[in-house]
>>> print(open('target-v2.txt').read())   # compact mmCIF, C-alpha atoms
# COMPACT_ATOMS: atom_id res chain seq x y z
CA MET A 202 54.68 -29.60 -45.47
CA TYR A 203 55.82 -26.59 -43.60
CA GLY A 204 57.34 -23.74 -45.53
CA SER A 205 60.09 -21.34 -44.64
CA CYS A 206 60.44 -17.63 -43.97
CA THR A 207 63.89 -16.75 -45.18
CA GLY A 208 63.37 -13.00 -45.18
CA ARG A 209 62.86 -12.84 -41.44
CA SER A 210 65.38 -15.45 -40.36
CA ARG A 211 68.35 -13.26 -41.33
CA HIS A 212 67.20 -10.62 -38.83
CA VAL A 213 66.38 -13.31 -36.27
CA ALA A 214 69.88 -14.74 -36.49
CA ARG A 215 71.47 -11.31 -36.18
CA ALA A 216 69.48 -10.59 -33.01
CA ILE A 217 70.49 -13.96 -31.59
CA ARG A 218 74.19 -13.30 -32.15
CA ILE A 219 73.99 -9.85 -30.59
CA ARG A 220 72.33 -11.21 -27.42
CA ILE A 221 74.74 -14.11 -27.12
CA ARG A 222 77.72 -11.76 -27.30
CA THR A 223 76.29 -9.65 -24.47
CA ARG A 224 75.05 -12.47 -22.23
CA ALA A 225 77.96 -12.15 -19.81
CA LEU A 226 76.81 -8.63 -18.97
CA SER A 227 73.06 -8.97 -19.14
CA GLY A 228 72.46 -12.49 -17.82
CA ALA A 229 70.17 -15.27 -18.95
CA GLY A 230 66.96 -13.37 -18.28
CA ALA A 231 67.89 -10.50 -20.57
CA LEU A 232 69.11 -12.93 -23.20
CA LEU A 233 65.80 -14.75 -23.31
CA SER A 234 63.69 -11.62 -23.17
CA CYS A 235 65.39 -10.05 -26.16
CA VAL A 236 66.13 -12.91 -28.53
CA LEU A 237 63.78 -13.01 -31.50
CA LEU A 238 63.50 -16.72 -32.15
CA SER A 239 60.04 -17.36 -33.51
CA GLY A 240 61.06 -18.05 -37.11
CA CYS A 241 57.93 -17.36 -39.17
CA PHE A 242 55.40 -15.02 -37.61
CA GLY A 243 52.92 -13.57 -40.05
CA ALA A 244 50.65 -10.88 -38.59
CA SER A 245 47.08 -11.26 -39.75
CA LYS A 246 44.77 -8.31 -40.29
CA GLY A 247 44.16 -6.71 -36.95
CA ASP A 248 47.17 -8.38 -35.36
CA SER A 249 49.79 -5.74 -36.08
CA ASP A 250 50.32 -4.86 -32.42
CA HIS A 251 52.26 -8.00 -31.50
CA ALA A 252 54.86 -7.37 -28.86
CA SER A 253 57.64 -9.58 -27.55
CA VAL A 254 57.03 -11.29 -24.24
CA ALA A 255 59.42 -9.84 -21.68
CA GLY A 256 61.32 -12.04 -19.25
CA GLN A 257 61.91 -15.74 -19.12
CA ALA A 258 59.30 -18.25 -20.14
CA LYS A 259 58.29 -20.74 -17.49
CA GLN A 260 60.09 -23.94 -18.34
CA ARG A 261 58.43 -27.33 -17.99
CA PRO A 262 59.95 -29.75 -15.41
CA LYS A 263 63.09 -31.18 -16.94
CA ALA A 264 62.30 -34.72 -15.80
CA THR A 265 59.05 -34.57 -17.80
CA ILE A 266 60.33 -32.81 -20.90
CA PRO A 267 63.89 -31.47 -21.26
CA TYR A 268 63.21 -29.10 -24.14
CA TRP A 269 63.30 -25.33 -24.08
CA VAL A 270 60.17 -23.16 -24.09
CA ASN A 271 60.79 -20.16 -26.34
CA PRO A 272 59.66 -16.97 -24.55
CA ASP A 273 59.23 -15.14 -27.85
CA GLY A 274 57.65 -17.72 -30.12
CA SER A 275 54.63 -17.01 -32.28
CA ALA A 276 52.15 -18.20 -29.63
CA ALA A 277 53.80 -16.20 -26.85
CA ARG A 278 53.64 -13.04 -28.93
CA GLN A 279 50.00 -13.70 -29.71
CA VAL A 280 49.25 -14.07 -26.01
CA ALA A 281 50.88 -10.69 -25.39
CA ALA A 282 48.81 -9.12 -28.17
CA TYR A 283 45.54 -10.52 -26.85
CA ARG A 284 46.31 -9.38 -23.31
CA LYS A 285 47.14 -5.91 -24.55
CA ARG A 286 43.66 -5.72 -26.08
CA GLY A 287 41.97 -7.17 -23.03
CA ALA A 288 41.05 -10.38 -24.88
CA ASP A 289 41.77 -12.54 -21.84
CA GLY A 290 39.76 -15.56 -23.02
CA GLU A 291 41.70 -15.80 -26.25
CA ALA A 292 44.97 -15.24 -24.38
CA ARG A 293 44.22 -18.17 -22.06
CA LEU A 294 43.56 -20.43 -25.03
CA ILE A 295 46.76 -19.54 -26.86
CA GLN A 296 48.69 -19.86 -23.60
CA LYS A 297 48.09 -23.62 -23.95
CA ILE A 298 50.48 -23.47 -26.90
CA ALA A 299 52.85 -20.79 -25.63
CA GLU A 300 53.74 -22.70 -22.45
CA GLN A 301 54.95 -25.80 -24.30
CA PRO A 302 58.31 -26.49 -25.97
CA VAL A 303 57.92 -26.60 -29.73
CA ALA A 304 60.48 -27.30 -32.42
CA GLU A 305 62.43 -24.56 -34.14
CA TRP A 306 62.71 -25.07 -37.90
CA LEU A 307 66.00 -23.75 -39.26
CA GLY A 308 65.61 -21.37 -42.18
CA VAL A 309 67.72 -21.11 -45.29
CA ASP A 310 69.49 -17.93 -44.19
CA ASP A 311 72.24 -18.11 -41.55
CA PRO A 312 71.69 -21.64 -40.22
CA GLU A 313 74.81 -21.30 -38.08
CA GLY A 314 73.53 -18.20 -36.33
CA GLN A 315 70.08 -19.67 -35.82
CA ALA A 316 71.36 -23.00 -34.49
CA ARG A 317 73.80 -21.26 -32.17
CA GLY A 318 71.11 -18.89 -30.92
CA PHE A 319 68.54 -21.58 -30.19
CA THR A 320 70.98 -23.94 -28.48
CA ALA A 321 72.64 -21.17 -26.47
CA ALA A 322 69.30 -19.77 -25.29
CA ALA A 323 68.20 -23.28 -24.27
CA GLY A 324 71.47 -23.88 -22.47
CA GLN A 325 71.10 -20.68 -20.47
CA VAL A 326 68.11 -22.23 -18.67
CA ASN A 327 69.55 -25.77 -18.59
CA ARG A 328 67.31 -27.13 -21.33
CA ASP A 329 67.87 -28.82 -24.69
CA ALA A 330 67.05 -27.29 -28.06
CA LEU A 331 64.58 -29.10 -30.31
CA LEU A 332 65.41 -28.38 -33.95
CA VAL A 333 64.15 -29.42 -37.37
CA PHE A 334 66.39 -29.49 -40.43
CA TYR A 335 64.18 -28.85 -43.46
CA ASN A 336 66.22 -27.74 -46.44
CA ILE A 337 66.66 -30.83 -48.63
CA PRO A 338 66.80 -30.12 -52.39
CA HIS A 339 63.49 -30.65 -54.24
CA ARG A 340 61.66 -30.29 -50.94
CA ASP A 341 57.95 -31.19 -50.72
CA CYS A 342 57.77 -32.13 -54.42
CA GLY A 343 56.93 -28.57 -55.44
CA GLN A 344 53.86 -28.36 -53.20
CA TYR A 345 53.01 -25.73 -50.55
CA SER A 346 56.41 -26.01 -48.84
CA LYS A 347 58.49 -26.27 -51.97
CA GLY A 348 62.02 -24.94 -51.89
CA GLY A 349 65.09 -26.13 -50.08
CA ALA A 350 68.71 -25.97 -51.11
CA ALA A 351 69.47 -25.40 -54.78
CA ASP A 352 71.47 -28.62 -55.07
CA GLY A 353 73.48 -31.15 -53.10
CA ASN A 354 76.52 -28.94 -52.67
CA ALA A 355 74.39 -26.07 -51.41
CA TYR A 356 72.77 -28.41 -48.89
CA ARG A 357 76.14 -29.70 -47.67
CA ALA A 358 77.34 -26.14 -47.13
CA TRP A 359 74.10 -25.30 -45.26
CA LEU A 360 74.43 -28.45 -43.17
CA ASP A 361 78.03 -27.69 -42.19
CA LYS A 362 76.98 -24.27 -40.92
CA ALA A 363 74.02 -25.65 -38.94
CA VAL A 364 76.21 -28.33 -37.36
CA ARG A 365 78.80 -25.71 -36.39
CA GLY A 366 76.03 -23.66 -34.82
CA ILE A 367 74.99 -26.52 -32.55
CA GLY A 368 78.54 -27.32 -31.48
CA ASN A 369 78.84 -28.97 -28.07
CA ARG A 370 75.46 -27.76 -26.79
CA ARG A 371 72.54 -30.13 -26.19
CA ALA A 372 70.12 -30.55 -29.08
CA THR A 373 67.70 -33.00 -30.64
CA VAL A 374 67.30 -32.75 -34.41
CA ILE A 375 64.45 -34.07 -36.54
CA VAL A 376 66.06 -34.61 -39.94
CA GLU A 377 64.21 -33.58 -43.09
CA PRO A 378 60.48 -34.23 -42.76
CA ASP A 379 58.97 -35.84 -45.89
CA ALA A 380 62.33 -36.58 -47.49
CA LEU A 381 62.17 -40.37 -47.20
CA PRO A 382 58.40 -40.87 -47.56
CA HIS A 383 58.51 -38.86 -50.79
CA VAL A 384 61.15 -41.26 -52.08
CA VAL A 385 58.97 -44.23 -51.15
CA ASP A 386 55.74 -42.88 -52.65
CA GLY A 387 57.47 -41.86 -55.88
CA CYS A 388 56.77 -38.15 -55.54
CA THR A 389 60.47 -37.33 -55.64
CA PRO A 390 61.80 -38.28 -59.11
CA LYS A 391 64.05 -41.35 -59.14
CA ARG A 392 66.99 -39.40 -60.55
CA PHE A 393 67.27 -37.55 -57.22
CA HIS A 394 67.11 -40.60 -54.94
CA GLU A 395 70.82 -41.42 -54.73
CA GLU A 396 71.73 -37.83 -53.94
CA ARG A 397 69.01 -37.66 -51.29
CA TYR A 398 70.30 -40.77 -49.52
CA ASP A 399 73.82 -39.36 -49.61
CA LEU A 400 72.68 -36.04 -48.15
CA LEU A 401 70.67 -37.67 -45.38
CA THR A 402 73.48 -40.05 -44.48
CA GLY A 403 75.84 -37.09 -44.36
CA ALA A 404 73.47 -35.20 -42.08
CA VAL A 405 73.22 -38.12 -39.66
CA ASP A 406 76.98 -38.65 -39.66
CA LYS A 407 77.80 -35.02 -38.98
CA LEU A 408 75.15 -34.54 -36.33
CA LYS A 409 76.15 -37.73 -34.53
CA GLY A 410 79.74 -36.47 -34.63
CA LEU A 411 78.65 -33.80 -32.14
CA PRO A 412 79.00 -34.70 -28.45
CA ARG A 413 75.47 -33.94 -27.23
CA THR A 414 73.11 -34.18 -30.20
CA LYS A 415 70.33 -36.72 -30.73
CA VAL A 416 69.06 -37.42 -34.25
CA TYR A 417 65.75 -38.78 -35.55
CA LEU A 418 65.08 -39.46 -39.23
CA ASP A 419 61.57 -38.63 -40.38
CA ALA A 420 59.57 -41.73 -41.38
CA GLY A 421 56.16 -40.32 -42.31
CA ASN A 422 52.95 -41.57 -40.70
CA PRO A 423 50.77 -44.71 -40.75
CA HIS A 424 48.31 -43.34 -43.31
CA TRP A 425 51.01 -42.28 -45.76
CA ILE A 426 53.33 -45.26 -46.12
CA LYS A 427 50.89 -47.82 -44.77
CA ASP A 428 53.22 -50.82 -44.91
CA PRO A 429 56.20 -50.11 -42.63
CA ARG A 430 58.28 -52.64 -44.55
CA ARG A 431 58.51 -50.11 -47.38
CA MET A 432 60.32 -47.68 -45.06
CA VAL A 433 63.03 -50.10 -43.93
CA GLU A 434 65.46 -49.91 -46.85
CA PRO A 435 65.14 -46.11 -47.24
CA LEU A 436 65.82 -45.65 -43.52
CA ARG A 437 68.80 -47.99 -43.75
CA ARG A 438 70.25 -46.08 -46.70
CA ALA A 439 69.68 -42.78 -44.91
CA GLY A 440 71.70 -43.85 -41.85
CA ILE A 441 69.19 -45.14 -39.32
CA ARG A 442 71.86 -47.38 -37.79
CA LYS A 443 73.77 -44.34 -36.52
CA ALA A 444 70.68 -42.25 -35.76
CA ASP A 445 69.00 -42.36 -32.35
CA GLY A 446 65.72 -43.36 -33.97
CA PHE A 447 62.95 -42.14 -36.26
CA ALA A 448 60.12 -39.59 -36.09
CA LEU A 449 56.46 -40.17 -36.94
CA ASN A 450 53.46 -37.95 -37.71
CA THR A 451 55.43 -34.76 -38.30
CA SER A 452 52.95 -32.00 -39.15
CA ASN A 453 50.15 -34.55 -39.41
CA TYR A 454 47.02 -35.48 -37.48
CA GLN A 455 47.08 -39.28 -37.12
CA THR A 456 46.31 -40.53 -33.62
CA THR A 457 49.01 -41.29 -31.09
CA GLN A 458 47.68 -44.83 -30.75
CA GLU A 459 48.01 -45.55 -34.47
CA ASN A 460 51.47 -44.01 -34.62
CA ARG A 461 52.60 -46.02 -31.62
CA ALA A 462 51.42 -49.30 -33.15
CA TYR A 463 52.98 -48.45 -36.52
CA GLY A 464 56.21 -47.31 -34.88
CA LYS A 465 56.58 -50.59 -33.01
CA ARG A 466 56.24 -52.54 -36.22
CA LEU A 467 58.82 -50.34 -37.92
CA SER A 468 61.10 -50.53 -34.89
CA ALA A 469 61.09 -54.32 -35.03
CA LEU A 470 62.23 -54.08 -38.65
CA THR A 471 65.07 -51.62 -37.90
CA GLY A 472 66.86 -53.37 -35.06
CA GLY A 473 64.68 -52.08 -32.25
CA LYS A 474 65.18 -48.38 -32.91
CA PRO A 475 63.04 -46.11 -30.70
CA PHE A 476 60.94 -43.29 -32.08
CA VAL A 477 59.22 -39.98 -31.31
CA ILE A 478 55.68 -38.94 -32.24
CA ASP A 479 54.48 -35.48 -33.20
CA THR A 480 51.36 -34.93 -31.06
CA SER A 481 51.02 -31.20 -31.71
CA ARG A 482 47.68 -31.37 -33.51
CA ASN A 483 46.36 -34.93 -33.25
CA GLY A 484 44.01 -34.53 -30.28
CA ASN A 485 40.97 -35.22 -32.46
CA GLY A 486 42.80 -37.43 -34.94
CA PRO A 487 42.64 -36.82 -38.71
CA ALA A 488 39.73 -35.15 -40.48
CA PRO A 489 36.88 -37.59 -41.16
CA GLY A 490 35.95 -38.69 -44.67
CA LYS A 491 38.02 -39.74 -47.67
CA ASN A 492 36.83 -37.29 -50.32
CA ASP A 493 39.30 -34.51 -49.62
CA PRO A 494 42.66 -35.16 -51.36
CA GLN A 495 44.16 -32.47 -49.12
CA ALA A 496 42.73 -33.70 -45.82
CA TRP A 497 46.18 -33.15 -44.32
CA CYS A 498 46.12 -29.41 -45.10
CA ASN A 499 44.54 -27.16 -42.45
CA PRO A 500 41.63 -29.52 -41.69
CA LYS A 501 38.84 -28.12 -39.58
CA GLY A 502 37.92 -29.36 -36.13
CA ARG A 503 41.40 -30.54 -35.11
CA ALA A 504 42.83 -30.18 -31.61
CA LEU A 505 46.06 -30.05 -29.66
CA GLY A 506 47.27 -33.51 -28.69
CA GLU A 507 49.26 -34.85 -25.74
CA ARG A 508 51.60 -32.36 -24.15
CA PRO A 509 55.26 -32.83 -25.00
CA THR A 510 56.84 -35.36 -22.65
CA THR A 511 59.56 -37.96 -22.45
CA ASP A 512 57.50 -39.86 -19.86
CA THR A 513 55.54 -41.90 -22.42
CA GLY A 514 55.28 -45.14 -20.43
CA ASP A 515 56.70 -47.04 -23.40
CA LYS A 516 60.39 -47.88 -23.73
CA LEU A 517 60.23 -47.66 -27.52
CA VAL A 518 58.60 -44.21 -27.58
CA ASP A 519 61.30 -41.74 -26.60
CA ALA A 520 58.96 -38.75 -26.53
CA TYR A 521 55.75 -37.10 -27.58
CA LEU A 522 56.89 -33.85 -29.20
CA TRP A 523 55.30 -30.78 -30.76
CA ILE A 524 57.41 -30.83 -33.91
CA LYS A 525 54.95 -28.86 -36.00
CA ARG A 526 54.32 -25.54 -34.26
CA PRO A 527 50.57 -25.51 -33.52
CA GLY A 528 48.83 -22.55 -35.09
CA GLU A 529 51.11 -22.26 -38.10
CA SER A 530 49.55 -22.94 -41.48
CA ASP A 531 50.02 -26.05 -43.62
CA GLY A 532 49.67 -23.93 -46.76
CA THR A 533 47.31 -21.78 -48.79
CA CYS A 534 44.38 -24.18 -48.56
CA LYS A 535 41.05 -23.80 -46.74
CA GLY A 536 41.69 -20.10 -46.24
CA GLY A 537 45.15 -20.49 -44.72
CA PRO A 538 48.16 -18.22 -45.21
CA THR A 539 51.48 -19.37 -46.69
CA ALA A 540 52.89 -22.57 -45.22
CA GLY A 541 54.64 -21.91 -41.92
CA ARG A 542 52.88 -18.60 -41.23
CA TRP A 543 51.16 -18.03 -37.90
CA TRP A 544 47.38 -18.22 -38.21
CA PRO A 545 45.63 -16.97 -35.05
CA ARG A 546 42.22 -18.35 -35.98
CA TYR A 547 43.55 -21.86 -36.49
CA ALA A 548 45.58 -21.68 -33.28
CA LEU A 549 42.45 -20.71 -31.33
CA ASP A 550 40.52 -23.62 -32.83
CA LEU A 551 43.24 -26.12 -31.92
CA ALA A 552 43.33 -24.89 -28.34
CA ARG A 553 39.56 -24.58 -28.00
CA ASN A 554 39.02 -28.12 -29.30
CA ALA A 555 41.59 -29.67 -26.97
CA HIS A 556 39.64 -31.97 -24.69
CA ARG A 557 42.48 -32.79 -22.29
CA LYS A 558 42.80 -30.44 -19.34
CA ASP A 559 46.56 -30.58 -19.58
CA SER A 560 46.73 -29.97 -23.35
>>> encode(input="target-v2.txt", output="structure tokens")
Amino acid sequence: MYGSCTGRSRHVARAIRIRIRTRALSGAGALLSCVLLSGCFGASKGDSDHASVAGQAKQRPKATIPYWVNPDGSAARQVAAYRKRGADGEARLIQKIAEQPVAEWLGVDDPEGQARGFTAAAGQVNRDALLVFYNIPHRDCGQYSKGGAADGNAYRAWLDKAVRGIGNRRATVIVEPDALPHVVDGCTPKRFHEERYDLLTGAVDKLKGLPRTKVYLDAGNPHWIKDPRRMVEPLRRAGIRKADGFALNTSNYQTTQENRAYGKRLSALTGGKPFVIDTSRNGNGPAPGKNDPQAWCNPKGRALGERPTTDTGDKLVDAYLWIKRPGESDGTCKGGPTAGRWWPRYALDLARNAHRKDS
């Protein structure tokens, strides 16, 4: 689904720790201007002059969306690069992405340092961190985002470090995209199911043991597991009772309307649990036609969806979130780079195709 960039995250985490240690002297502005928090940022040909964006990012109103806008994410760096070249039109388009809070996906290397850095930087400007845990063993069934922890014990050790990194700071965590739907659709071999449930339950338990952390278990999307009844038992076994709710449409393109209807049906089957919807790239819905078996992978003509907000007008929908970072590739299909790498051309298309003025 997404991919990981472990080589860079070690350096990212080190930079985070350095800035946190010096924050008492340099203040929040310097902290945010210097922290390298963008995770995976692959420079395309001609894009080697990316520079960090200096100063604090403008944060969205907390009453509308409480999550932190990263001043040095992939989109923000692309804006800086375009402005440096005088490409003001392209900069304005990518600014649509850069000015929104997007999720930070924790890498394999130094999860404690990354989690601490993201949550501390968010706390400095009185915002919450939005994180994704994506390191389950046998991840993505060996597809574009294959990888994850080597085994259950390695995952538990990784999880303990990530949980320590969050500590008592405010965070919302989307737990392991694809992990449960791949159990339901049979992609993950049956011999790994029991371990997966145990790992997910452990993740929910440990995260909910923190004082200010919200947790949502990933539950796929309406066009993947079409009958929500099939998701009920897997969610139960993964700890939905203790979780704050479930997440839909992560890294996908299904419409908000379809996700909302599906989510309400699933909520009714799970004791009224609320849910969040990934609206990062669903402005034009999914790609038309049924002949492409990889219609989910870098489809053309897609657009940014609703801006992140907790003001959804629906008591069961906790938030519209940009869980997938818009402009980062789904994988090496349709001309895309490795999963999780920044792809300027795709980012421009998403922004250009956005038909909402506030997208």
>>> atom_distance(input="target-v2.txt", atom1="CA of Val270 in chain A", atom2="CA of Val374 in chain A")
15.8 Å
>>> atom_distance(input="target-v2.txt", atom1="CA of Asn460 in chain A", atom2="CA of Pro509 in chain A")
15.2 Å
>>> residues_around(input="target-v2.txt", residues="range 360-366 of chain A", least_positions_apart="5", cutoff="10 Å", atoms="all atoms listed in the file", output="list in words")
Leu307, Gly308, Asp311, Pro312, Glu313, Gly314, Gln315, Ala316, Arg317, Gly318, Phe319, Thr320, Ala321, Phe334, Asn336, Ile337, Asn354, Ala355, Leu400, Gly403, Ala404, Lys407, Leu408, Lys409, Gly410, Leu411 and Thr414 of chain A
>>> closest_residue(input="target-v2.txt", among="A:Asn499, A:Thr456, A:Thr451, A:Asn554", to="Asp479 in chain A", atoms="only C-alpha atoms")
A:Thr451
>>> residues_around(input="target-v2.txt", residues="range 428-445 of chain A", least_positions_apart="5", cutoff="9 Å", atoms="all atoms listed in the file", output="PyMOL selection string")
chain A and resi 381-382+384-385+397-406+408-409+415-421+423+463-464+466-467+470-472+474-476
>>> axis_aligned_box(input="target-v2.txt", around="range 527-546 of chain A", padding_each_side="3 Å", output="lines of an AutoDock Vina configuration file")
center_x = 47.8
center_y = -21.5
center_z = -41.2
size_x = 19.6
size_y = 15.1
size_z = 21.3
>>> atom_distance(input="target-v2.txt", atom1="CA of Tyr283 in chain A", atom2="CA of Lys259 in chain A")
18.8 Å
>>> residues_near_point(input="target-v2.txt", point="(44.8, -32.6, -33.3)", cutoff="7 Å", atoms="all atoms listed in the file", output="list in words")
Tyr454, Ser481, Arg482, Asn483, Gly484, Asn485, Gly486, Arg503, Ala504, Leu505, Gly506 and Leu551 of chain A
>>> write_last_selection(input="target-v2.txt", atoms="C-alpha atoms", output="compact mmCIF listing (two decimals), keeping the file's coordinate frame")
# COMPACT_ATOMS: atom_id res chain seq x y z
CA TYR A 454 47.02 -35.48 -37.48
CA SER A 481 51.02 -31.20 -31.71
CA ARG A 482 47.68 -31.37 -33.51
CA ASN A 483 46.36 -34.93 -33.25
CA GLY A 484 44.01 -34.53 -30.28
CA ASN A 485 40.97 -35.22 -32.46
CA GLY A 486 42.80 -37.43 -34.94
CA ARG A 503 41.40 -30.54 -35.11
CA ALA A 504 42.83 -30.18 -31.61
CA LEU A 505 46.06 -30.05 -29.66
CA GLY A 506 47.27 -33.51 -28.69
CA LEU A 551 43.24 -26.12 -31.92
>>> closest_residue(input="target-v2.txt", among="A:His339, A:Tyr521, A:Arg553, A:Gln301", to="Lys391 in chain A", atoms="all atoms listed in the file")
A:His339
>>> closest_residue(input="target-v2.txt", among="A:Ala288, A:Ala488, A:Ala520, A:Cys388", to="Leu449 in chain A", atoms="only C-alpha atoms")
A:Ala520
